[in-house]
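See structure below.
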Amino acid sequence: MVAIYPFTALRPAPEESANIPSVPYDVVSAEEAAACIAENPKSFLRVIRSDAELPDTPPYDDAVYERARAVFTEMQEKGLFQKDDEESYSVYQVEDEGQTFTGLVACVGVFEYQNRVVKRHELTRYDKEEDRTRHIDAVNANTGQVFLLYRDPGGLRKYIEDAVAGDPIAETTTVSGSIHRIYPIRDPAVIREITTLFANVPSLYIADGHHRAKSAVNVAERRKERGDLTEEATRFMGVLFAHDSVLIHGYSRLMKDLNGMTAEDFLAKLTTLFTVREIFSPDLHASTIPPMAGDSDRYCMHLYVAGRFYELSHPIDPATDAIGRLDVSLLQERVLSPLLGIHDPRGDPRLDFMGGAAPVADLIARVDSGEYAAAILMQPIDVNDICSIADEDGIMPPKSTWFEPKLLSGLVVHLLD
């Protein structure tokens, strides 16, 4: 069962809550972060992407982590952040395009990760894992949260939603128009009830933040070896959402070339592997194209090449396991690797990805510009399938899911002492 913990939060000063929060460290390049910082010198990117202010320094140099610690300390000393006087949970609410998402900000023990109570469906890359490990250790804080899902045993989601009271302690609006609000939960009785309710939840599932979670575990292990492990350092910060309250989008693939083939050659090979049907007049404002087949027992994806869309479908063998039933698995096994020579989807420079609710028109524009030779739109994966794969300790192909809401960094910070 799940154990969660309230903590004494570090928060932006009320007058700064619209200025400090930023996108997570891993969704912007150093150059993009530098541009954001130039526009807003109070951006939390100064802490979580400190390499953006050191353009002539290797990204994993000691100076990068020293800079993060120095800037974070300076922001606290200047009063841009304030530490609470007592432990609390917080409600993290996101309002986006008429929908409201409500999660709980809480700490989870690293031992829950080690014991697989916190379940994952992605592999972590050592370089990214080591980077966040050094960052967390240097700044002595979880500066970003892990996006976690739970299966509601009944009434838990509503209890958290009902805990929202009064004005938010922090609020900010993103460039895209989503509104992010934080409501602290300080009533000891409510804190106890939420803790008790989560004790009836068997597992948590990482939706986003696999590297942040593993890095927090690494920090705890290293501090234990050094003899300076505190209780707070045995925990990491998460935002917990009911698994059926979030959105999942597909993660499209964009290929820079067709491995020496013409579009006609590529299509000819695909017709030996799939049922191929041309799609006319898709909704360019939508983020995906609905399957024409309308059959859950078929793989389905949509190819854009040479100015036209095609549906690629194929029956699913009933004996295929949960991971093998994923469209992304078939795409890698039947198309990317054998036809296009893309054997490592994590690292091949000929393959890029587009996730989220970006409209179909954006994908078309990137291919029509000549930047890419073709693109394949993927259907979203059902959240129950993701949880089931994680329950079986399965590892999904990289870039299989795009979860929303996308959370900001810097609205709540968990200090490790």
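Convention: chains lettered A, B, ... in structure tokens order; per-chain residue numbering from 1; ligands numbered from 1 as shown.
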
Write out as a PDB file with N, CA and C atoms, in the first residue's frame each polymer residue whose atoms come within 8 Å of A:Ile179, counting only C-alpha atoms; drop sequence neighbours fewer than 3 positions from it.
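Contents of the output file part-v4.pdb:
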ATOM      1  N   VAL A  94      -4.987  22.657 -12.455  1.00  0.00           N
ATOM      2  CA  VAL A  94      -4.690  23.195 -13.780  1.00  0.00           C
ATOM      3  C   VAL A  94      -5.997  23.360 -14.538  1.00  0.00           C
ATOM      4  N   GLU A  95      -6.220  24.558 -15.041  1.00  0.00           N
ATOM      5  CA  GLU A  95      -7.387  24.835 -15.878  1.00  0.00           C
ATOM      6  C   GLU A  95      -6.893  25.075 -17.295  1.00  0.00           C
ATOM      7  N   ASP A  96      -7.354  24.245 -18.211  1.00  0.00           N
ATOM      8  CA  ASP A  96      -6.836  24.322 -19.583  1.00  0.00           C
ATOM      9  C   ASP A  96      -7.944  23.980 -20.574  1.00  0.00           C
ATOM     10  N   GLU A 171      -0.586  31.414  -8.249  1.00  0.00           N
ATOM     11  CA  GLU A 171      -1.312  31.278  -9.502  1.00  0.00           C
ATOM     12  C   GLU A 171      -0.487  31.880 -10.621  1.00  0.00           C
ATOM     13  N   THR A 172      -0.446  31.187 -11.751  1.00  0.00           N
ATOM     14  CA  THR A 172       0.270  31.699 -12.916  1.00  0.00           C
ATOM     15  C   THR A 172      -0.397  31.182 -14.178  1.00  0.00           C
ATOM     16  N   THR A 173      -0.277  31.943 -15.241  1.00  0.00           N
ATOM     17  CA  THR A 173      -0.848  31.572 -16.530  1.00  0.00           C
ATOM     18  C   THR A 173       0.276  31.396 -17.535  1.00  0.00           C
ATOM     19  N   THR A 174       0.272  30.288 -18.248  1.00  0.00           N
ATOM     20  CA  THR A 174       1.322  29.994 -19.211  1.00  0.00           C
ATOM     21  C   THR A 174       1.061  30.719 -20.527  1.00  0.00           C
TER      22      THR A 174
END

Please run DSSP on the backbone and report, as an MDAnalysis selection string, all residues within stretch 184-277 of chain A that come out as helix (DSSP H, G or I).
chainID A and resid 188:198 210:226 232:234 243:245 263:270

Write out, as a Markdown table, each residue of stretch 148-264 of chain A that has an atom at most 12 Å from stretch 8-13 of chain A, together with the closest pair of atoms and their distance in Å to one decimal, counting only C-alpha atoms, rows going by chain and rising number.
| residue | atom | partner | partner_atom | distance |
| --- | --- | --- | --- | --- |
| A:Ile169 | CA | A:Arg11 | CA | 8.8 |
| A:Ala170 | CA | A:Pro12 | CA | 7.5 |
| A:Glu171 | CA | A:Pro12 | CA | 10.0 |
| A:Thr172 | CA | A:Pro12 | CA | 11.1 |
| A:Ile182 | CA | A:Arg11 | CA | 9.7 |
| A:Tyr183 | CA | A:Arg11 | CA | 11.3 |
| A:Pro184 | CA | A:Ala9 | CA | 9.4 |
| A:Ile185 | CA | A:Ala9 | CA | 11.2 |
| A:Arg186 | CA | A:Thr8 | CA | 10.2 |
| A:Glu232 | CA | A:Thr8 | CA | 9.8 |
| A:Met237 | CA | A:Ala9 | CA | 10.1 |

Contact residues around stretch 116-120 of chain A with only C-alpha atoms at 10 Å, ignoring same-chain residues under 6 positions, as a PyMOL selection string:
chain A and resi 1-3+108-110+148-150+201-210+213+386-387+389-396

Can you tell me which residues surround stretch 175-177 of chain A at a distance of at most 12 Å, considering only C-alpha atoms, apart from same-chain residues fewer than 5 positions away, and format the answer as a list in words?
Ala18, Pro21, Ser22, Val23, Cys36, Val94, Glu95, Asp96, Glu97, Gly98, Ala357, Ala358 and Lys406 of chain A

Just write the chosen residues, N, CA, C and O atoms, as a PDB file, in the first residue's frame.
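Wrote it out as part.pdb, contents follow:
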ATOM      1  N   ALA A  18       3.507  34.515 -10.115  1.00  0.00           N
ATOM      2  CA  ALA A  18       3.252  34.578 -11.553  1.00  0.00           C
ATOM      3  C   ALA A  18       4.536  34.672 -12.359  1.00  0.00           C
ATOM      4  O   ALA A  18       4.525  34.458 -13.575  1.00  0.00           O
ATOM      5  N   PRO A  21       7.493  30.452 -11.705  1.00  0.00           N
ATOM      6  CA  PRO A  21       7.292  29.108 -12.282  1.00  0.00           C
ATOM      7  C   PRO A  21       7.694  29.030 -13.757  1.00  0.00           C
ATOM      8  O   PRO A  21       7.541  29.987 -14.521  1.00  0.00           O
ATOM      9  N   SER A  22       8.203  27.868 -14.125  1.00  0.00           N
ATOM     10  CA  SER A  22       8.677  27.662 -15.500  1.00  0.00           C
ATOM     11  C   SER A  22       8.288  26.284 -15.987  1.00  0.00           C
ATOM     12  O   SER A  22       7.849  25.425 -15.207  1.00  0.00           O
ATOM     13  N   VAL A  23       8.483  26.061 -17.269  1.00  0.00           N
ATOM     14  CA  VAL A  23       8.318  24.712 -17.805  1.00  0.00           C
ATOM     15  C   VAL A  23       9.393  23.811 -17.197  1.00  0.00           C
ATOM     16  O   VAL A  23      10.413  24.296 -16.707  1.00  0.00           O
ATOM     17  N   CYS A  36      14.230  32.462 -22.544  1.00  0.00           N
ATOM     18  CA  CYS A  36      13.207  32.677 -21.515  1.00  0.00           C
ATOM     19  C   CYS A  36      13.761  33.486 -20.348  1.00  0.00           C
ATOM     20  O   CYS A  36      13.094  34.392 -19.827  1.00  0.00           O
ATOM     21  N   VAL A  94      -4.987  22.657 -12.455  1.00  0.00           N
ATOM     22  CA  VAL A  94      -4.690  23.195 -13.780  1.00  0.00           C
ATOM     23  C   VAL A  94      -5.997  23.360 -14.538  1.00  0.00           C
ATOM     24  O   VAL A  94      -6.774  22.410 -14.653  1.00  0.00           O
ATOM     25  N   GLU A  95      -6.220  24.558 -15.041  1.00  0.00           N
ATOM     26  CA  GLU A  95      -7.387  24.835 -15.878  1.00  0.00           C
ATOM     27  C   GLU A  95      -6.893  25.075 -17.295  1.00  0.00           C
ATOM     28  O   GLU A  95      -6.089  25.978 -17.535  1.00  0.00           O
ATOM     29  N   ASP A  96      -7.354  24.245 -18.211  1.00  0.00           N
ATOM     30  CA  ASP A  96      -6.836  24.322 -19.583  1.00  0.00           C
ATOM     31  C   ASP A  96      -7.944  23.980 -20.574  1.00  0.00           C
ATOM     32  O   ASP A  96      -8.492  22.874 -20.546  1.00  0.00           O
ATOM     33  N   GLU A  97      -8.272  24.938 -21.434  1.00  0.00           N
ATOM     34  CA  GLU A  97      -9.262  24.749 -22.493  1.00  0.00           C
ATOM     35  C   GLU A  97     -10.567  24.147 -21.970  1.00  0.00           C
ATOM     36  O   GLU A  97     -11.103  23.186 -22.522  1.00  0.00           O
ATOM     37  N   GLY A  98     -11.060  24.719 -20.880  1.00  0.00           N
ATOM     38  CA  GLY A  98     -12.347  24.309 -20.338  1.00  0.00           C
ATOM     39  C   GLY A  98     -12.306  23.089 -19.442  1.00  0.00           C
ATOM     40  O   GLY A  98     -13.339  22.700 -18.884  1.00  0.00           O
ATOM     41  N   ALA A 357      -0.945  17.820 -27.783  1.00  0.00           N
ATOM     42  CA  ALA A 357      -2.149  18.210 -28.509  1.00  0.00           C
ATOM     43  C   ALA A 357      -1.853  19.099 -29.698  1.00  0.00           C
ATOM     44  O   ALA A 357      -2.731  19.816 -30.176  1.00  0.00           O
ATOM     45  N   ALA A 358      -0.628  19.083 -30.200  1.00  0.00           N
ATOM     46  CA  ALA A 358      -0.302  19.874 -31.391  1.00  0.00           C
ATOM     47  C   ALA A 358      -1.196  19.431 -32.542  1.00  0.00           C
ATOM     48  O   ALA A 358      -1.401  18.237 -32.758  1.00  0.00           O
ATOM     49  N   LYS A 406       0.423  19.293 -18.362  1.00  0.00           N
ATOM     50  CA  LYS A 406       1.848  19.482 -18.203  1.00  0.00           C
ATOM     51  C   LYS A 406       2.091  20.399 -17.008  1.00  0.00           C
ATOM     52  O   LYS A 406       1.553  21.509 -16.947  1.00  0.00           O
TER      53      LYS A 406
END

Non-local contacts of A:Gly144 (10 Å; only C-alpha atoms; under 6 positions in same chain excluded) as a PyMOL selection string:
chain A and resi 23-25+48+132+136+209+212-213+236-239+407-414

Selected residues, N, CA, C and O atoms, written as a short mmCIF file (atom, residue, chain, number, x, y, z; two decimals), in the first residue's frame, please.
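As written to disk, part26.cif reads:
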data_model
loop_
_atom_site.label_atom_id
_atom_site.label_comp_id
_atom_site.auth_asym_id
_atom_site.auth_seq_id
_atom_site.Cartn_x
_atom_site.Cartn_y
_atom_site.Cartn_z
N VAL A 23 8.48 26.06 -17.27
CA VAL A 23 8.32 24.71 -17.80
C VAL A 23 9.39 23.81 -17.20
O VAL A 23 10.41 24.30 -16.71
N PRO A 24 9.20 22.50 -17.19
CA PRO A 24 10.22 21.59 -16.66
C PRO A 24 11.54 21.69 -17.42
O PRO A 24 11.58 22.13 -18.58
N TYR A 25 12.61 21.25 -16.79
CA TYR A 25 13.95 21.37 -17.35
C TYR A 25 14.12 20.62 -18.66
O TYR A 25 14.93 21.00 -19.51
N ILE A 48 16.88 25.31 -12.67
CA ILE A 48 16.79 23.94 -13.19
C ILE A 48 17.48 23.77 -14.54
O ILE A 48 17.74 22.64 -14.96
N ARG A 132 20.30 14.83 -13.18
CA ARG A 132 19.33 15.24 -12.15
C ARG A 132 19.78 14.80 -10.77
O ARG A 132 19.48 15.48 -9.77
N ILE A 136 19.86 17.62 -7.92
CA ILE A 136 19.13 17.51 -6.65
C ILE A 136 20.09 17.60 -5.47
O ILE A 136 19.83 18.29 -4.48
N GLY A 209 8.36 11.82 -15.42
CA GLY A 209 9.34 12.09 -14.37
C GLY A 209 10.11 10.87 -13.91
O GLY A 209 10.59 10.81 -12.78
N ARG A 212 13.50 11.95 -12.70
CA ARG A 212 13.46 12.67 -11.42
C ARG A 212 13.29 11.69 -10.27
O ARG A 212 13.91 11.85 -9.21
N ALA A 213 12.44 10.68 -10.46
CA ALA A 213 12.23 9.70 -9.39
C ALA A 213 13.49 8.89 -9.13
O ALA A 213 13.93 8.74 -7.98
N PHE A 236 10.73 11.94 -2.14
CA PHE A 236 10.73 12.83 -3.30
C PHE A 236 9.33 13.39 -3.51
O PHE A 236 8.33 12.81 -3.07
N MET A 237 9.26 14.52 -4.18
CA MET A 237 7.99 15.23 -4.37
C MET A 237 7.26 14.73 -5.61
O MET A 237 7.87 14.58 -6.67
N GLY A 238 5.98 14.50 -5.47
CA GLY A 238 5.16 14.11 -6.59
C GLY A 238 3.86 14.89 -6.61
O GLY A 238 3.47 15.51 -5.62
N VAL A 239 3.20 14.86 -7.76
CA VAL A 239 1.82 15.34 -7.86
C VAL A 239 0.99 14.15 -8.30
O VAL A 239 1.25 13.55 -9.35
N LEU A 407 2.86 19.92 -16.05
CA LEU A 407 3.06 20.64 -14.80
C LEU A 407 4.23 21.60 -14.89
O LEU A 407 5.18 21.36 -15.65
N LEU A 408 4.19 22.65 -14.10
CA LEU A 408 5.27 23.63 -14.05
C LEU A 408 6.20 23.33 -12.89
O LEU A 408 5.83 22.69 -11.91
N SER A 409 7.42 23.81 -12.99
CA SER A 409 8.40 23.70 -11.90
C SER A 409 8.48 25.04 -11.18
O SER A 409 8.38 26.10 -11.81
N GLY A 410 8.67 24.97 -9.87
CA GLY A 410 8.87 26.20 -9.09
C GLY A 410 7.66 26.68 -8.34
O GLY A 410 7.76 27.62 -7.54
N LEU A 411 6.50 26.06 -8.53
CA LEU A 411 5.32 26.44 -7.75
C LEU A 411 5.39 25.91 -6.33
O LEU A 411 4.90 26.54 -5.38
N VAL A 412 5.98 24.72 -6.19
CA VAL A 412 6.22 24.11 -4.88
C VAL A 412 7.58 23.43 -4.96
O VAL A 412 7.87 22.74 -5.95
N VAL A 413 8.39 23.59 -3.93
CA VAL A 413 9.71 22.97 -3.88
C VAL A 413 9.82 22.19 -2.57
O VAL A 413 9.36 22.65 -1.51
N HIS A 414 10.42 21.00 -2.64
CA HIS A 414 10.63 20.17 -1.44
C HIS A 414 12.11 20.20 -1.08
O HIS A 414 12.97 19.73 -1.84
#

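Checking A:Thr320, A:Ser369, A:Ser88, A:Thr102 one by one against A:Arg192, counting only C-alpha atoms, you find the shortest gap at A:Ser88.
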
For A:Asn200, please output as a PyMOL selection string all residues within 12 Å (counting only C-alpha atoms; exclusion window: fewer than 5 positions along the same chain).
chain A and resi 1-4+150-156+193-195

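Atom CA of A:Pro59 to atom CA of A:Glu130 spans 11.9 Å [interatomic distance, one decimal].
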
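If you count only C-alpha atoms and ignore residues fewer than 5 places along the chain from A:Ser329, what sits within 9 Å of it is Ile323, Gly324, Arg334, Met396 and Pro397 of chain A.
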
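Interatomic distance, atom CA of A:Gly250 to atom CA of A:Gln99: 19.0 Å.
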
Point out the residue among A:Asn259, A:Thr143, A:Arg277, A:Ser400 with the least atom-to-atom distance to A:Ser337, counting only C-alpha atoms.
A:Asn259

All strand (DSSP E) residues (DSSP, backbone) inside stretch 186-335 of chain A, as a VMD selection string
chain A and resid 204 to 208 235 to 242 247 to 249 251 to 255 275 to 279 298 to 305 308 to 315

At a cut-off of 9 Å, can you tabulate as JSON lines every residue of stretch 12-130 of chain A near stretch 157-165 of chain A together with its closest atom pair and the distance in Å to one decimal, using only C-alpha atoms and ordering rows by chain then number?
{"residue": "A:Val91", "atom": "CA", "partner": "A:Val164", "partner_atom": "CA", "distance": 6.9}
{"residue": "A:Gln93", "atom": "CA", "partner": "A:Glu161", "partner_atom": "CA", "distance": 9.0}
{"residue": "A:Thr102", "atom": "CA", "partner": "A:Glu161", "partner_atom": "CA", "distance": 6.5}
{"residue": "A:Gly103", "atom": "CA", "partner": "A:Ile160", "partner_atom": "CA", "distance": 7.6}
{"residue": "A:Leu104", "atom": "CA", "partner": "A:Ile160", "partner_atom": "CA", "distance": 7.1}

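Going from atom CA of A:Asp26 to atom CA of A:Gln76 covers 23.4 Å.
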
Have a look at A:Phe72, A:Tyr372, A:Phe274, A:Phe353 and name the one nearest to A:Lys256; count only C-alpha atoms.
A:Tyr372
